[in-house]
$ cat protein_17.txt   # compact mmCIF, C-alpha atoms
# COMPACT_ATOMS: atom_id res chain seq x y z
CA MET A 98 42.84 -35.34 -46.07
CA THR A 99 39.79 -33.14 -45.92
CA THR A 100 40.16 -29.47 -45.11
CA GLU A 101 37.29 -27.35 -43.82
CA THR A 102 38.79 -24.24 -45.39
CA SER A 103 40.68 -24.53 -48.65
CA PRO A 104 44.29 -23.29 -48.50
CA PHE A 105 44.06 -22.32 -52.15
CA SER A 106 42.97 -19.00 -53.56
CA PRO A 107 41.15 -18.92 -56.91
CA LEU A 108 43.55 -18.20 -59.74
CA ALA A 109 43.12 -14.77 -61.27
CA TRP A 110 42.30 -16.08 -64.73
CA ASP A 111 40.49 -13.90 -67.22
CA LYS A 112 37.20 -15.67 -67.71
CA GLY A 113 35.55 -16.22 -71.06
CA ALA A 114 32.07 -17.34 -72.08
CA ARG A 115 30.02 -18.82 -69.24
CA ASN A 116 32.77 -17.71 -66.89
CA TYR A 117 35.43 -20.30 -67.75
CA THR A 118 39.10 -20.06 -68.69
CA LEU A 119 40.36 -21.28 -72.07
CA ILE A 120 43.95 -22.40 -72.65
CA ALA A 121 44.82 -23.54 -76.17
CA GLY A 122 47.83 -24.24 -78.34
CA PRO A 123 49.82 -27.12 -79.80
CA CYS A 124 50.86 -30.22 -77.92
CA SER A 125 54.45 -29.30 -78.76
CA ALA A 126 56.30 -26.27 -80.06
CA GLU A 127 57.81 -27.83 -83.17
CA SER A 128 59.35 -24.83 -84.93
CA GLU A 129 59.35 -21.07 -84.58
CA GLU A 130 57.12 -20.71 -87.64
CA GLN A 131 54.59 -23.29 -86.35
CA THR A 132 54.54 -21.83 -82.83
CA LEU A 133 53.85 -18.30 -84.04
CA ALA A 134 51.37 -19.28 -86.77
CA ILE A 135 49.14 -21.09 -84.28
CA ALA A 136 49.48 -18.28 -81.74
CA ARG A 137 48.43 -15.66 -84.31
CA ALA A 138 45.38 -17.71 -85.31
CA LEU A 139 44.30 -18.12 -81.70
CA GLN A 140 45.00 -14.47 -80.85
CA ALA A 141 42.65 -13.47 -83.65
CA GLN A 142 39.91 -15.40 -81.83
CA GLY A 143 40.53 -13.51 -78.60
CA LEU A 144 42.56 -16.18 -76.80
CA ARG A 145 44.53 -14.99 -73.77
CA TYR A 146 46.38 -18.14 -72.64
CA TYR A 147 48.61 -20.09 -75.03
CA ARG A 148 50.06 -23.52 -74.26
CA ALA A 149 52.99 -25.31 -75.93
CA SER A 150 55.30 -28.00 -74.56
CA LEU A 151 59.06 -27.81 -75.05
CA TRP A 152 60.06 -31.04 -73.31
CA LYS A 153 58.16 -34.15 -74.42
CA PRO A 154 59.83 -37.32 -73.13
CA ARG A 155 57.70 -40.16 -74.44
CA THR A 156 56.74 -43.47 -72.85
CA ARG A 157 59.05 -45.23 -75.30
CA PRO A 158 62.19 -43.66 -76.81
CA GLY A 159 62.65 -42.99 -80.49
CA GLY A 160 59.93 -40.47 -81.22
CA PHE A 161 59.81 -36.70 -81.16
CA GLU A 162 60.69 -35.58 -77.62
CA GLY A 163 60.39 -31.85 -77.96
CA VAL A 164 62.73 -29.05 -78.98
CA GLY A 165 63.79 -28.32 -75.40
CA TYR A 166 65.49 -25.09 -74.41
CA SER A 167 65.81 -23.91 -78.01
CA GLY A 168 62.07 -23.22 -78.08
CA LEU A 169 62.11 -20.69 -75.25
CA PRO A 170 62.80 -17.71 -77.58
CA TRP A 171 59.76 -18.73 -79.66
CA LEU A 172 57.52 -18.57 -76.61
CA GLN A 173 59.07 -15.25 -75.67
CA ARG A 174 58.06 -13.89 -79.10
CA VAL A 175 54.49 -15.09 -78.54
CA GLN A 176 54.40 -13.12 -75.30
CA ASP A 177 56.24 -10.02 -76.47
CA GLU A 178 54.81 -9.63 -79.97
CA LEU A 179 51.28 -11.00 -79.54
CA GLY A 180 50.64 -10.24 -75.88
CA LEU A 181 49.50 -13.76 -75.04
CA GLN A 182 50.18 -15.35 -71.66
CA VAL A 183 52.34 -18.40 -72.42
CA MET A 184 52.21 -21.66 -70.50
CA THR A 185 54.55 -24.65 -70.78
CA GLU A 186 55.30 -27.87 -68.90
CA VAL A 187 58.25 -28.26 -66.51
CA ALA A 188 59.59 -31.46 -65.01
CA THR A 189 62.97 -30.53 -63.48
CA THR A 190 64.47 -27.70 -61.50
CA ALA A 191 66.57 -26.80 -64.56
CA HIS A 192 63.36 -26.40 -66.58
CA ILE A 193 61.95 -24.06 -63.93
CA GLU A 194 65.09 -21.92 -63.86
CA ALA A 195 65.16 -21.59 -67.65
CA VAL A 196 61.44 -20.85 -68.00
CA LEU A 197 61.45 -18.20 -65.29
CA ALA A 198 64.59 -16.61 -66.76
CA ALA A 199 62.74 -16.37 -70.09
CA GLY A 200 59.97 -14.38 -68.44
CA ILE A 201 57.34 -17.14 -68.60
CA ARG A 202 55.16 -17.09 -65.48
CA HIS A 203 52.56 -19.78 -66.20
CA ILE A 204 53.68 -23.41 -65.98
CA TRP A 205 52.16 -26.83 -65.47
CA ILE A 206 53.48 -30.06 -64.04
CA GLY A 207 52.74 -33.27 -65.96
CA ALA A 208 51.02 -36.42 -64.77
CA ARG A 209 54.16 -38.52 -64.53
CA THR A 210 55.94 -35.89 -62.46
CA THR A 211 52.92 -35.48 -60.16
CA SER A 212 53.09 -39.23 -59.51
CA SER A 213 56.47 -38.85 -57.77
CA PRO A 214 56.53 -37.14 -54.35
CA PHE A 215 60.33 -36.94 -54.72
CA ALA A 216 60.04 -34.96 -57.96
CA MET A 217 57.29 -32.76 -56.53
CA ALA A 218 59.38 -31.96 -53.47
CA GLU A 219 62.28 -30.83 -55.67
CA LEU A 220 60.04 -28.66 -57.85
CA ALA A 221 58.38 -27.12 -54.80
CA ASP A 222 61.82 -26.26 -53.40
CA ALA A 223 62.81 -24.66 -56.72
CA LEU A 224 59.68 -22.48 -56.59
CA GLN A 225 60.16 -21.47 -52.96
CA GLY A 226 59.60 -17.75 -52.65
CA VAL A 227 58.65 -17.21 -56.32
CA GLU A 228 55.53 -15.12 -55.91
CA ASP A 229 54.58 -14.12 -59.46
CA VAL A 230 54.16 -17.61 -60.93
CA SER A 231 51.03 -19.66 -61.60
CA VAL A 232 51.42 -23.45 -61.39
CA LEU A 233 48.86 -25.98 -62.58
CA VAL A 234 49.31 -29.61 -61.52
CA LYS A 235 47.99 -32.44 -63.68
CA ASN A 236 46.47 -35.42 -61.93
CA PRO A 237 48.79 -38.42 -61.44
CA ILE A 238 48.64 -41.23 -63.97
CA ASN A 239 46.75 -43.56 -61.64
CA PRO A 240 43.50 -42.56 -59.88
CA ASP A 241 44.95 -41.47 -56.53
CA ILE A 242 43.32 -38.31 -55.19
CA ASN A 243 45.64 -38.12 -52.16
CA LEU A 244 48.73 -38.13 -54.39
CA TRP A 245 47.21 -35.33 -56.49
CA GLU A 246 46.20 -33.32 -53.44
CA GLY A 247 49.62 -33.86 -51.87
CA ALA A 248 51.39 -32.45 -54.93
CA LEU A 249 49.21 -29.34 -54.81
CA LEU A 250 49.76 -28.85 -51.10
CA ARG A 251 53.55 -29.17 -51.49
CA LEU A 252 53.51 -26.15 -53.79
CA GLN A 253 51.13 -24.21 -51.59
CA GLN A 254 53.28 -24.86 -48.52
CA ALA A 255 56.36 -23.74 -50.48
CA GLY A 256 54.74 -20.34 -50.79
CA VAL A 257 53.44 -20.57 -54.35
CA ARG A 258 50.34 -18.41 -54.20
CA ASN A 259 48.71 -19.28 -57.51
CA VAL A 260 48.21 -23.05 -57.59
CA GLY A 261 45.59 -24.90 -59.62
CA ALA A 262 44.91 -28.34 -61.05
CA ILE A 263 44.48 -29.91 -64.49
CA HIS A 264 42.26 -32.96 -64.88
CA ARG A 265 43.63 -34.98 -67.82
CA GLY A 266 42.15 -38.37 -66.94
CA PHE A 267 43.69 -41.58 -65.64
CA SER A 268 45.48 -44.42 -67.40
CA THR A 269 43.66 -47.71 -67.77
CA TYR A 270 44.84 -51.16 -68.79
CA GLY A 271 43.75 -52.49 -72.16
CA GLU A 272 41.39 -51.02 -74.74
CA SER A 273 39.27 -48.10 -73.60
CA TYR A 274 36.79 -45.67 -75.11
CA TYR A 275 38.95 -42.85 -73.75
CA ARG A 276 42.68 -42.41 -73.99
CA ASN A 277 42.59 -41.64 -70.25
CA SER A 278 39.43 -42.41 -68.33
CA PRO A 279 37.92 -39.24 -66.84
CA ILE A 280 36.71 -40.85 -63.57
CA TRP A 281 34.90 -37.60 -62.83
CA GLN A 282 34.30 -38.44 -59.18
CA ILE A 283 37.97 -37.80 -58.37
CA PRO A 284 38.19 -34.15 -59.56
CA ILE A 285 34.71 -33.61 -58.11
CA GLU A 286 35.95 -34.86 -54.74
CA LEU A 287 39.06 -32.65 -55.03
CA LYS A 288 36.79 -29.66 -55.63
CA LEU A 289 34.69 -30.63 -52.60
CA ARG A 290 37.81 -30.75 -50.45
CA HIS A 291 39.12 -27.45 -51.79
CA PRO A 292 36.26 -25.31 -53.17
CA GLU A 293 38.55 -22.40 -54.09
CA LEU A 294 40.95 -24.59 -56.08
CA SER A 295 40.79 -23.82 -59.82
CA ILE A 296 40.48 -27.04 -61.84
CA ILE A 297 41.04 -26.95 -65.60
CA VAL A 298 39.87 -29.95 -67.66
CA ASP A 299 41.99 -31.26 -70.54
CA PRO A 300 39.56 -32.89 -73.04
CA SER A 301 42.39 -33.56 -75.49
CA HIS A 302 44.24 -35.97 -73.21
CA ILE A 303 41.10 -37.50 -71.75
CA GLY A 304 39.61 -38.34 -75.13
CA GLY A 305 42.67 -38.86 -77.28
CA LYS A 306 40.50 -38.28 -80.36
CA ARG A 307 39.26 -35.06 -81.95
CA GLY A 308 35.68 -36.25 -81.97
CA LEU A 309 35.62 -36.60 -78.19
CA ILE A 310 36.86 -33.09 -77.36
CA GLU A 311 33.48 -31.38 -77.58
CA PRO A 312 31.42 -33.85 -75.48
CA ILE A 313 34.12 -34.00 -72.80
CA ALA A 314 34.40 -30.21 -72.74
CA ARG A 315 30.62 -29.94 -72.45
CA THR A 316 30.59 -32.34 -69.51
CA ALA A 317 33.40 -30.40 -67.82
CA LEU A 318 31.50 -27.12 -68.06
CA GLU A 319 28.22 -28.68 -66.97
CA LEU A 320 30.07 -30.02 -63.89
CA HIS A 321 31.19 -26.44 -63.16
CA PHE A 322 34.92 -26.90 -63.55
CA ASP A 323 36.86 -23.70 -64.07
CA GLY A 324 38.21 -24.01 -67.58
CA LEU A 325 39.44 -26.03 -70.53
CA MET A 326 42.87 -26.79 -71.98
CA ILE A 327 42.49 -27.84 -75.63
CA GLU A 328 45.36 -28.84 -77.92
CA THR A 329 45.21 -26.83 -81.15
CA HIS A 330 47.42 -27.11 -84.23
CA HIS A 331 47.22 -25.38 -87.61
CA SER A 332 47.87 -28.72 -89.33
CA PRO A 333 46.96 -31.48 -86.84
CA ASP A 334 47.59 -34.41 -89.16
CA CYS A 335 51.21 -33.29 -89.51
CA ALA A 336 51.78 -32.74 -85.77
CA LEU A 337 54.90 -34.40 -84.39
CA SER A 338 53.15 -35.52 -81.19
CA ASP A 339 49.57 -36.48 -80.29
CA ALA A 340 48.26 -35.72 -83.78
CA GLU A 341 44.97 -37.59 -83.26
CA GLN A 342 43.82 -35.36 -80.41
CA GLN A 343 44.63 -31.92 -81.83
CA ILE A 344 42.18 -29.70 -83.69
CA THR A 345 42.55 -26.65 -85.92
CA PRO A 346 41.88 -23.14 -84.59
CA GLU A 347 38.81 -23.05 -86.84
CA ALA A 348 37.47 -26.28 -85.32
CA LEU A 349 38.13 -24.85 -81.86
CA ALA A 350 36.07 -21.76 -82.73
CA ASP A 351 33.17 -23.95 -83.86
CA ILE A 352 33.28 -25.99 -80.64
CA LEU A 353 33.40 -22.87 -78.49
CA GLU A 354 30.38 -21.44 -80.31
CA ARG A 355 28.38 -24.59 -79.60
CA LEU A 356 29.55 -24.68 -75.99
CA GLY A 357 28.23 -21.15 -75.64
CA GLN A 358 24.77 -22.66 -76.16
CA LEU A 359 24.90 -24.75 -72.99
CA PRO A 360 21.53 -24.99 -71.24
CA ASP A 361 20.85 -22.70 -68.32
CA GLU A 362 21.34 -24.02 -64.83
CA ALA A 363 18.23 -25.53 -63.28
CA GLN A 364 16.62 -23.20 -60.80
CA SER A 365 14.54 -24.33 -57.85
CA SER A 366 10.90 -25.17 -58.54
CA PRO A 367 8.16 -27.15 -56.75
CA GLU A 368 8.72 -30.11 -59.10
CA LEU A 369 12.51 -30.14 -58.62
CA ASP A 370 12.15 -29.75 -54.85
CA GLN A 371 9.78 -32.72 -54.75
CA TRP A 372 12.09 -34.94 -56.80
CA ARG A 373 15.12 -33.92 -54.76
CA GLN A 374 13.29 -34.83 -51.57
CA GLN A 375 12.48 -38.21 -53.08
CA ILE A 376 16.19 -38.70 -53.78
CA ASN A 377 17.04 -37.73 -50.20
CA THR A 378 14.59 -40.32 -48.90
CA ILE A 379 15.90 -43.04 -51.23
CA ASP A 380 19.52 -42.24 -50.30
CA GLU A 381 18.67 -42.61 -46.62
CA GLN A 382 17.11 -46.00 -47.31
CA ILE A 383 20.17 -47.09 -49.30
CA LEU A 384 22.53 -46.11 -46.48
CA ARG A 385 20.43 -47.89 -43.87
CA LEU A 386 20.40 -51.05 -45.98
CA LEU A 387 24.17 -50.84 -46.46
CA SER A 388 24.58 -50.54 -42.70
CA GLU A 389 22.42 -53.66 -42.21
CA ARG A 390 24.49 -55.47 -44.84
CA GLN A 391 27.69 -54.57 -42.98
CA GLN A 392 26.27 -55.97 -39.76
CA VAL A 393 25.53 -59.28 -41.51
CA SER A 394 29.05 -59.28 -43.00
CA GLY A 395 30.43 -58.80 -39.49
CA ARG A 396 28.50 -61.83 -38.21
CA ILE A 397 29.78 -63.88 -41.16
CA GLY A 398 33.30 -62.76 -40.26
CA ASP A 399 32.84 -63.93 -36.65
CA TYR A 400 31.57 -67.29 -37.89
CA LYS A 401 34.53 -67.79 -40.23
CA HIS A 402 37.03 -66.70 -37.58
CA GLU A 403 35.66 -69.15 -35.01
CA ARG A 404 35.88 -72.03 -37.49
CA HIS A 405 39.18 -70.97 -39.12
CA LEU A 406 37.56 -70.53 -42.53
CA CYS A 407 39.01 -68.47 -45.36
CA ILE A 408 37.55 -64.97 -45.59
CA LEU A 409 37.60 -64.71 -49.37
CA GLN A 410 35.50 -67.24 -51.27
CA PRO A 411 36.32 -66.66 -54.97
CA GLU A 412 33.52 -68.79 -56.41
CA ARG A 413 30.95 -67.15 -54.12
CA TYR A 414 32.24 -63.73 -55.25
CA ARG A 415 31.96 -64.67 -58.93
CA GLN A 416 28.40 -65.92 -58.44
CA LEU A 417 27.47 -62.78 -56.52
CA MET A 418 28.82 -60.49 -59.25
CA ARG A 419 27.08 -62.42 -62.03
CA SER A 420 23.73 -62.39 -60.26
CA ARG A 421 23.93 -58.73 -59.18
CA ILE A 422 24.96 -57.56 -62.65
CA ALA A 423 22.15 -59.58 -64.25
CA LEU A 424 19.58 -58.21 -61.80
CA GLY A 425 20.88 -54.68 -62.27
CA GLN A 426 20.58 -54.94 -66.05
CA ASP A 427 17.05 -56.28 -65.71
CA LEU A 428 16.29 -53.16 -63.65
CA GLY A 429 17.77 -50.88 -66.30
CA LEU A 430 21.08 -50.16 -64.55
CA ASN A 431 24.39 -49.79 -66.36
CA ARG A 432 26.51 -52.96 -66.21
CA GLU A 433 29.76 -51.15 -65.35
CA PHE A 434 28.02 -49.15 -62.64
CA VAL A 435 26.70 -52.30 -60.93
CA HIS A 436 30.09 -54.02 -61.27
CA ASP A 437 31.96 -51.09 -59.73
CA LEU A 438 29.37 -50.67 -56.97
CA TYR A 439 29.50 -54.30 -55.86
CA SER A 440 33.27 -54.41 -56.17
CA ARG A 441 33.44 -51.63 -53.57
CA ILE A 442 30.76 -53.26 -51.39
CA HIS A 443 32.57 -56.60 -51.47
CA GLU A 444 35.91 -54.90 -50.75
CA GLU A 445 34.39 -53.29 -47.65
CA SER A 446 32.85 -56.61 -46.60
CA VAL A 447 36.26 -58.33 -46.80
CA ARG A 448 37.83 -55.52 -44.79
CA LEU A 449 35.21 -55.87 -42.05
CA GLN A 450 35.65 -59.63 -41.88
CA GLN A 451 39.43 -59.24 -41.58
CA GLN A 452 38.87 -57.16 -38.45
CA GLN A 453 36.89 -59.89 -36.71
$ encode --input "protein_17.txt" --output "structure tokens"
Amino acid sequence: MTTETSPFSPLAWDKGARNYTLIAGPCSAESEEQTLAIARALQAQGLRYYRASLWKPRTRPGGFEGVGYSGLPWLQRVQDELGLQVMTEVATTAHIEAVLAAGIRHIWIGARTTSSPFAMAELADALQGVEDVSVLVKNPINPDINLWEGALLRLQQAGVRNVGAIHRGFSTYGESYYRNSPIWQIPIELKLRHPELSIIVDPSHIGGKRGLIEPIARTALELHFDGLMIETHHSPDCALSDAEQQITPEALADILERLGQLPDEAQSSPELDQWRQQINTIDEQILRLLSERQQVSGRIGDYKHERHLCILQPERYRQLMRSRIALGQDLGLNREFVHDLYSRIHEESVRLQQQQ
């Protein structure tokens, strides 16, 4: 669903360097001492928004699943004694009631909860009429922009004024360079649909490794997203959850200093204008060729329909993919890019032939 005017208002975050919001803190609040020690270290760096999860149900049982309600007083101390704005994850109406009763007014909804319209409807009902709360919604586990958008709209329609999104990447099957693939085109499309929607990027969950936090954060800022959520722990190797993707406050400070050296945005110039016009011309040619290809696919569909032939020809598809990938690589194109492009083109061709 595309909206001409976004129903969302920009969240009133305090912006930091290069006009972006920073949220940092441990994956989980593990003890009162740990929670406060990390908060003090981050406060000393000027942090305003502190994150820590209390409920951590894992994919498989048996591991650390959070301290639960007993950690609420720790987060209250962070707010009352250090003046930080605390944020934590909620997944049930009972969580919402307890968090609001503790005076916490910044919450987020996790990827697994976002994936369930039933759960989102219950949480939206629980937040009905609560005006002084900010809610960030993580993308669903699988790359479904409509499911993500629907979760956000449920909250907005329930009267929650301050609604934003967190991009934490999408699950993939098998081995992957990232813990959760960023698939940047999905949050970019969400921003196009709703320009006023604040989108925070979570490099920790996308990368899953400390070494990937900085390059992912750099990409997020260069793509003009609104902020970063980075998991920070005073002793990451000893963390009870997601140890590999947490960094120390000192490492966070170093990353932020380097991110402050991002290149300036490109301004218009005769050279840029000329190259952009070339791209416009090439894009028009590409679209015209795709239209011609669709017309040929339609004629093939008519032919198969008249002769009762199967639409999908697996061996032909395999040959097509091999030849297109090989040609693309010869032309200097990325293999995965060509594969994904022709997968979508072939999918559209099959759809057209089914309509014949």
$ residues_around --input "protein_17.txt" --residues "segment 192-199 of chain A" --least-positions-apart "6" --cutoff "8 Å" --atoms "all atoms listed in the file" --output "ChimeraX atom specification"
/A:166,169-170,173,220,223-224
$ atom_distance --input "protein_17.txt" --atom1 "atom CA of Gly395 of chain A" --atom2 "atom CA of Glu445 of chain A"
10.6 Å
$ closest_residue --input "protein_17.txt" --among "A:Arg432, A:Arg202, A:Arg448, A:His330" --to "Gln391 of chain A" --atoms "all atoms listed in the file"
A:Arg448
$ residues_around --input "protein_17.txt" --residues "Phe215 of chain A" --least-positions-apart "6" --cutoff "12 Å" --atoms "all atoms listed in the file" --output "ChimeraX atom specification"
/A:188-189,209,221-222,244,247-248,251
$ residues_around --input "protein_17.txt" --residues "segment 139-156 of chain A" --least-positions-apart "5" --cutoff "6 Å" --atoms "all atoms listed in the file" --output "VMD selection string"
chain A and resid 120 to 126 162 to 165 181 to 186
$ residues_around --input "protein_17.txt" --residues "Tyr414 of chain A" --least-positions-apart "2" --cutoff "12 Å" --atoms "all atoms listed in the file" --output "tab-separated table (two decimals) with C-alpha atoms, in the frame of the given file"
chain	number	residue	atom	x	y	z
A	408	ILE	CA	37.55	-64.97	-45.59
A	409	LEU	CA	37.60	-64.71	-49.37
A	410	GLN	CA	35.50	-67.24	-51.27
A	411	PRO	CA	36.32	-66.66	-54.97
A	412	GLU	CA	33.52	-68.79	-56.41
A	416	GLN	CA	28.40	-65.92	-58.44
A	417	LEU	CA	27.47	-62.78	-56.52
A	418	MET	CA	28.82	-60.49	-59.25
A	419	ARG	CA	27.08	-62.42	-62.03
A	420	SER	CA	23.73	-62.39	-60.26
A	421	ARG	CA	23.93	-58.73	-59.18
A	436	HIS	CA	30.09	-54.02	-61.27
A	439	TYR	CA	29.50	-54.30	-55.86
A	440	SER	CA	33.27	-54.41	-56.17
A	442	ILE	CA	30.76	-53.26	-51.39
A	443	HIS	CA	32.57	-56.60	-51.47
A	444	GLU	CA	35.91	-54.90	-50.75
A	446	SER	CA	32.85	-56.61	-46.60
A	447	VAL	CA	36.26	-58.33	-46.80
$ atom_distance --input "protein_17.txt" --atom1 "atom CA of Leu356 of chain A" --atom2 "atom CA of His321 of chain A"
13.1 Å
$ atom_distance --input "protein_17.txt" --atom1 "atom CA of Val230 of chain A" --atom2 "atom CA of Asn259 of chain A"
6.6 Å
$ residues_around --input "protein_17.txt" --residues "Pro284 of chain A" --least-positions-apart "3" --cutoff "10 Å" --atoms "only C-alpha atoms" --output "ChimeraX atom specification"
/A:236,240,242,245,262-266,279-281,287-290,296-298,322
$ closest_residue --input "protein_17.txt" --among "A:Ser365, A:Gln343, A:Gln225, A:Thr210" --to "Gln253 of chain A" --atoms "all atoms listed in the file"
A:Gln225
$ closest_residue --input "protein_17.txt" --among "A:Gly261, A:Gly308, A:Gly168, A:Pro104" --to "Ser128 of chain A" --atoms "all atoms listed in the file"
A:Gly168
$ closest_residue --input "protein_17.txt" --among "A:Ser338, A:Thr118, A:Ser394, A:Thr345" --to "Asp299 of chain A" --atoms "all atoms listed in the file"
A:Thr118
$ closest_residue --input "protein_17.txt" --among "A:Val234, A:Leu349, A:Cys335, A:Thr378" --to "Trp205 of chain A" --atoms "all atoms listed in the file"
A:Val234
$ closest_residue --input "protein_17.txt" --among "A:Ala191, A:Leu133, A:Ile204, A:Ala138" --to "Ala350 of chain A" --atoms "only C-alpha atoms"
A:Ala138
$ decode --input "protein_17.txt" --residues "segment 319-326 of chain A" --atoms "all heavy atoms" --output "short mmCIF file (atom, residue, chain, number, x, y, z; two decimals), in the first residue's frame"
data_model
loop_
_atom_site.label_atom_id
_atom_site.label_comp_id
_atom_site.auth_asym_id
_atom_site.auth_seq_id
_atom_site.Cartn_x
_atom_site.Cartn_y
_atom_site.Cartn_z
N GLU A 319 24.94 6.76 5.12
CA GLU A 319 25.07 7.23 3.74
C GLU A 319 23.75 7.10 2.98
O GLU A 319 23.51 7.83 2.01
CB GLU A 319 26.19 6.49 3.03
CG GLU A 319 27.58 6.86 3.56
CD GLU A 319 28.71 6.11 2.89
OE1 GLU A 319 28.42 5.09 2.21
OE2 GLU A 319 29.87 6.52 3.04
N LEU A 320 22.89 6.16 3.41
CA LEU A 320 21.57 6.00 2.80
C LEU A 320 20.53 6.91 3.46
O LEU A 320 19.35 6.82 3.15
CB LEU A 320 21.12 4.54 2.90
CG LEU A 320 21.88 3.55 2.00
CD1 LEU A 320 21.47 2.12 2.31
CD2 LEU A 320 21.67 3.87 0.54
N HIS A 321 20.98 7.75 4.38
CA HIS A 321 20.13 8.76 5.01
C HIS A 321 19.03 8.17 5.91
O HIS A 321 17.94 8.76 6.02
CB HIS A 321 19.51 9.69 3.96
CG HIS A 321 20.49 10.67 3.41
ND1 HIS A 321 20.69 11.92 3.94
CD2 HIS A 321 21.35 10.57 2.37
CE1 HIS A 321 21.63 12.55 3.24
NE2 HIS A 321 22.04 11.75 2.29
N PHE A 322 19.32 7.05 6.56
CA PHE A 322 18.40 6.60 7.59
C PHE A 322 18.59 7.47 8.83
O PHE A 322 19.55 8.22 8.94
CB PHE A 322 18.59 5.11 7.87
CG PHE A 322 18.10 4.25 6.73
CD1 PHE A 322 18.98 3.56 5.92
CD2 PHE A 322 16.75 4.17 6.45
CE1 PHE A 322 18.54 2.79 4.86
CE2 PHE A 322 16.29 3.40 5.39
CZ PHE A 322 17.18 2.71 4.60
N ASP A 323 17.67 7.35 9.78
CA ASP A 323 17.56 8.36 10.83
C ASP A 323 18.40 8.09 12.07
O ASP A 323 18.52 8.97 12.92
CB ASP A 323 16.09 8.51 11.24
CG ASP A 323 15.23 8.93 10.06
OD1 ASP A 323 15.29 10.12 9.69
OD2 ASP A 323 14.53 8.07 9.49
N GLY A 324 18.94 6.90 12.20
CA GLY A 324 19.73 6.64 13.39
C GLY A 324 20.27 5.23 13.43
O GLY A 324 20.06 4.42 12.52
N LEU A 325 20.96 4.94 14.53
CA LEU A 325 21.60 3.64 14.73
C LEU A 325 21.25 3.10 16.11
O LEU A 325 21.16 3.86 17.08
CB LEU A 325 23.13 3.78 14.63
CG LEU A 325 23.70 4.37 13.34
CD1 LEU A 325 25.19 4.64 13.51
CD2 LEU A 325 23.46 3.43 12.16
N MET A 326 21.06 1.80 16.20
CA MET A 326 20.94 1.10 17.47
C MET A 326 22.08 0.09 17.53
O MET A 326 22.12 -0.85 16.73
CB MET A 326 19.58 0.41 17.61
CG MET A 326 19.45 -0.41 18.90
SD MET A 326 17.89 -1.32 19.01
CE MET A 326 16.81 -0.04 19.64
#
